[in-house]
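Engineer: Attaching a single structure in structure tokens format; questions to follow.
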Amino acid sequence: MTEEATSEAPTCGPEETGSEPAQAPPAEPSRDGAASESTRSLTPPEPASQAPAPTAPAAPTATKAAPPSEDVPSAPLLLAVEDVSDSSVTVSWEPPERLGRLGLQGYVLELCREGASEWVAVNTRPVMVTQQTVRNLALGDKFFLRVAAVSSAGAGPPAVLEQPIHIQQIIEPPKIRVPRHLRQTYIRQVGETINLQIPFQGSPKPQASWTHDGHALDVQRVNVRTGDQDSILFIRSAQRSDSGCYELTVRLEGLEAKAAIDILVIEKPGPPSSIRLLDVWGCNAALEWTPPQDTGNTELLGYTVQKADRKTGQWFTVLERYHPTTCTISDLIVGNAYSFRVFSENQCGLSATAATTKELARIQKADIVAKPKGFVERDFSEAPSFTQPLADHTSTPGYSTQLFCSVRASPKPKIIWMKNNMDIQGDPKYRALSEQGVCTLEIRKPSPFDSGVYTCKAVNVLGEASVDCRLEVKGKASATH
């Protein structure tokens, strides 16, 4: 796995971080000294087509005899730039083919600025890594990099980048992020504040500008403040003339981004232009009106129709958000006179005033002539007939019992109760009742002597009818021991 070290650009005293290196051999004359300034940012090397590619400066001739080639490592392989930003550069390489008889102690990365002949070590001591980042670079820096493998016998031949590295400003294309609530028409009422904050991105800071329906903003009404990351459009008191399409344009180095925001400033509508009473009939009145000339800069939601009678003068709503311009008002009270008025309505509410009828709708009392019709009286006379006959019954001695039947007749019939075809009217042992056609005979504390056939007879002027039943009163059961 590739290890990485981080180093600052060489200044007066180069520093490096990484794994603990072995003691470095005496540095070659070409590696003495330090870079004149630190750098902060960098970009990939410029293409060779823009200008003749500069060549890396040659290493100075050594003043003492070089060690045998078998003792020092060969040049590292595949030296390449991995990443470039506006303040750092990262390079990597592969170990050399030959490590030398004395073994590898690490690598030394060196930097040489364009136009100079002196190589400055980025890390003064060898580090055992094959990837290194040089930080704190400055915009505009242009330099070469090379790396050499080091053993105890000395440094081997370096691997040099063929093209110089140029530190340039990294450009981030501009981008506008419109808030969700502004992606549809932004509606405000007249007099309210408009405050739009639109975030954007871009590096370095882009230039932002606004237009209103394709024209420059009215600086007397609209204030704009643009920061590093957003632009704010502010209108203290909105007017209907502020409605329209506002377009934000963000430009950076020939690149641009645009965003359009639709603003609609509305107010309450005017009343209907006119209203008239078309007709009055029965308890109904027909009205007609014309739409308002001013809808408040938005669509109408409908009309509200109200009525008031002349006696009380109180207004009552009949129709709400009614869309047609004609209507019929019903269920008016006979004898009253009515006025009618109509309001227009939009998102802001009802119009401040209403269109009112000039004439009253008088609900007249209709002339009613009674036309009596001949009445034929129905004859309900009927001879007696039993709708519910008597039922045979068994009773226990000493316990009162009742016999029931129902009769229908007109006029009301006379009811006669009999036992074994003998009239029992006036006998205190019996009580006879007749109510709503229901006939009842109560036998008080019957004994076996009261057993027999009981008859109920109904008699009126149209005839008579009778029903009978058998009553059996059982004797007391003998006691058992």
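All residue names refer to the structure tokens as shown: chains lettered A, B, ... in order, residues numbered from 1 in each chain, ligands numbered from 1 in order.
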At a cut-off of 12 Å, using only C-alpha atoms, what residues contact Ala308 of chain A? Leave out same-chain residues fewer than 2 positions from it and give the result as a list in words.
Structural biologist: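 Counting only the stated atoms, we get Val305, Gln306, Arg310, Lys311, Thr312, Gly313, Gln314, Trp315, Phe316, Thr317, Val318, Ile329, Leu332, Ile333, Asn336, Ala337, Tyr338, Ser339, Phe340, Arg341, Val342, Thr356, Thr357, Leu360, Ala361 and Arg362 of chain A.
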Engineer: Just want the 10 Å neighbourhood of segment 190-201 of chain A, counted on only C-alpha atoms, with same-chain residues fewer than 2 positions away dropped. Output as a ChimeraX atom specification.
Structural biologist: /A:172-179,182,186-188,203-206,208,222-242,248,250,257,259,261,263-268,296,348
Engineer: Applying 7 Å and only C-alpha atoms, which residues near Leu278 of chain A remain after dropping the ones on its own chain fewer than 4 positions away? List them as an mmCIF file with N, CA and C atoms, in the first residue's frame.
Structural biologist:
```
data_model
loop_
_atom_site.group_PDB
_atom_site.id
_atom_site.type_symbol
_atom_site.label_atom_id
_atom_site.label_comp_id
_atom_site.auth_asym_id
_atom_site.auth_seq_id
_atom_site.Cartn_x
_atom_site.Cartn_y
_atom_site.Cartn_z
ATOM 1 N N ALA A 286 -84.988 38.188 -9.731
ATOM 2 C CA ALA A 286 -83.864 37.888 -10.633
ATOM 3 C C ALA A 286 -82.949 39.104 -10.721
ATOM 4 N N LEU A 287 -81.611 38.860 -10.594
ATOM 5 C CA LEU A 287 -80.611 39.924 -10.627
ATOM 6 C C LEU A 287 -79.628 39.680 -11.764
ATOM 7 N N GLU A 288 -79.004 40.774 -12.226
ATOM 8 C CA GLU A 288 -77.929 40.694 -13.223
ATOM 9 C C GLU A 288 -76.931 41.805 -12.948
#
```
Engineer: Fewer than 4 positions away in the same chain doesn't count, so skip those; otherwise give me all residues within 8 Å of Phe343 of chain A, counting only C-alpha atoms, as a PyMOL selection string.
Structural biologist: chain A and resi 271-272+303-305+350-351+353-355
Engineer: Using DSSP assignments from the backbone, pull out every residue in segment 267-412 of chain A that falls under strand (DSSP E or B) and give it to me as a PyMOL selection string.
Structural biologist: chain A and resi 275-281+284-289+302-309+316-322+326-329+337-346+349-350+355-356+361-362+382-388+393-395+401-410
Engineer: Quick one: everything within 6 Å of Leu111 of chain A, counting only C-alpha atoms, minus sequence neighbours fewer than 5 positions away in the same chain. Send it as a VMD selection string.
Structural biologist: chain A and resid 119 to 120 144 to 145
Engineer: Kindly export the residues of the current selection with C-alpha atoms, as an mmCIF file, in the first residue's frame.
Structural biologist:
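Result file is result_39.cif:
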```cif
data_model
loop_
_atom_site.group_PDB
_atom_site.id
_atom_site.type_symbol
_atom_site.label_atom_id
_atom_site.label_comp_id
_atom_site.auth_asym_id
_atom_site.auth_seq_id
_atom_site.Cartn_x
_atom_site.Cartn_y
_atom_site.Cartn_z
ATOM 1 C CA TRP A 119 17.152 22.734 -6.523
ATOM 2 C CA VAL A 120 15.799 23.045 -2.974
ATOM 3 C CA PHE A 144 9.725 21.633 -11.381
ATOM 4 C CA LEU A 145 9.779 18.647 -9.034
#
```
Engineer: From the list A:Ile170, A:Phe404, A:Gly374, A:Gln163, which residue is nearest Leu139 of chain A when using only C-alpha atoms?
Structural biologist: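 The shortest atom-to-atom distance to Leu139 of chain A comes from A:Ile170.
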Engineer: Could you check how far atom CA of Ser434 of chain A sits from atom CA of Lys474 of chain A, in Å to one decimal?
Structural biologist: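 According to the coordinates, atom CA of Ser434 of chain A and atom CA of Lys474 of chain A are separated by 27.7 Å.
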Engineer: To one decimal place, how far is atom CA of Pro324 of chain A from atom CA of Gly302 of chain A in Å?
Structural biologist: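 Computed distance, atom CA of Pro324 of chain A to atom CA of Gly302 of chain A, equals 8.0 Å.
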Engineer: Write out as a list in words which residues come within 12 Å of Pro428 of chain A when counting only C-alpha atoms, dropping same-chain ones fewer than 6 positions away.
Structural biologist: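 Listing them by chain and then by number gives Leu441, Glu442, Ile443, Arg444 and Lys445 of chain A.
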Engineer: Write the residues you've just listed into a file as a PDB file, in the first residue's frame, and include N, CA, C and O atoms for each of them.
Structural biologist:
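Below you can see part28.pdb, which holds the result:
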```
ATOM      1  N   LEU A 441    -114.541  -8.693  30.605  1.00  0.00           N
ATOM      2  CA  LEU A 441    -115.359  -9.192  31.697  1.00  0.00           C
ATOM      3  C   LEU A 441    -114.419  -9.765  32.743  1.00  0.00           C
ATOM      4  O   LEU A 441    -113.670 -10.706  32.470  1.00  0.00           O
ATOM      5  N   GLU A 442    -114.470  -9.181  33.959  1.00  0.00           N
ATOM      6  CA  GLU A 442    -113.636  -9.656  35.047  1.00  0.00           C
ATOM      7  C   GLU A 442    -114.487 -10.498  35.989  1.00  0.00           C
ATOM      8  O   GLU A 442    -115.547 -10.063  36.456  1.00  0.00           O
ATOM      9  N   ILE A 443    -114.049 -11.733  36.293  1.00  0.00           N
ATOM     10  CA  ILE A 443    -114.734 -12.649  37.202  1.00  0.00           C
ATOM     11  C   ILE A 443    -113.901 -12.690  38.477  1.00  0.00           C
ATOM     12  O   ILE A 443    -112.741 -13.123  38.458  1.00  0.00           O
ATOM     13  N   ARG A 444    -114.483 -12.202  39.556  1.00  0.00           N
ATOM     14  CA  ARG A 444    -113.746 -12.065  40.797  1.00  0.00           C
ATOM     15  C   ARG A 444    -113.723 -13.392  41.562  1.00  0.00           C
ATOM     16  O   ARG A 444    -114.780 -13.963  41.873  1.00  0.00           O
ATOM     17  N   LYS A 445    -112.538 -13.855  41.883  1.00  0.00           N
ATOM     18  CA  LYS A 445    -112.329 -15.066  42.685  1.00  0.00           C
ATOM     19  C   LYS A 445    -113.294 -16.185  42.281  1.00  0.00           C
ATOM     20  O   LYS A 445    -114.195 -16.571  43.027  1.00  0.00           O
TER      21      LYS A 445
END
```
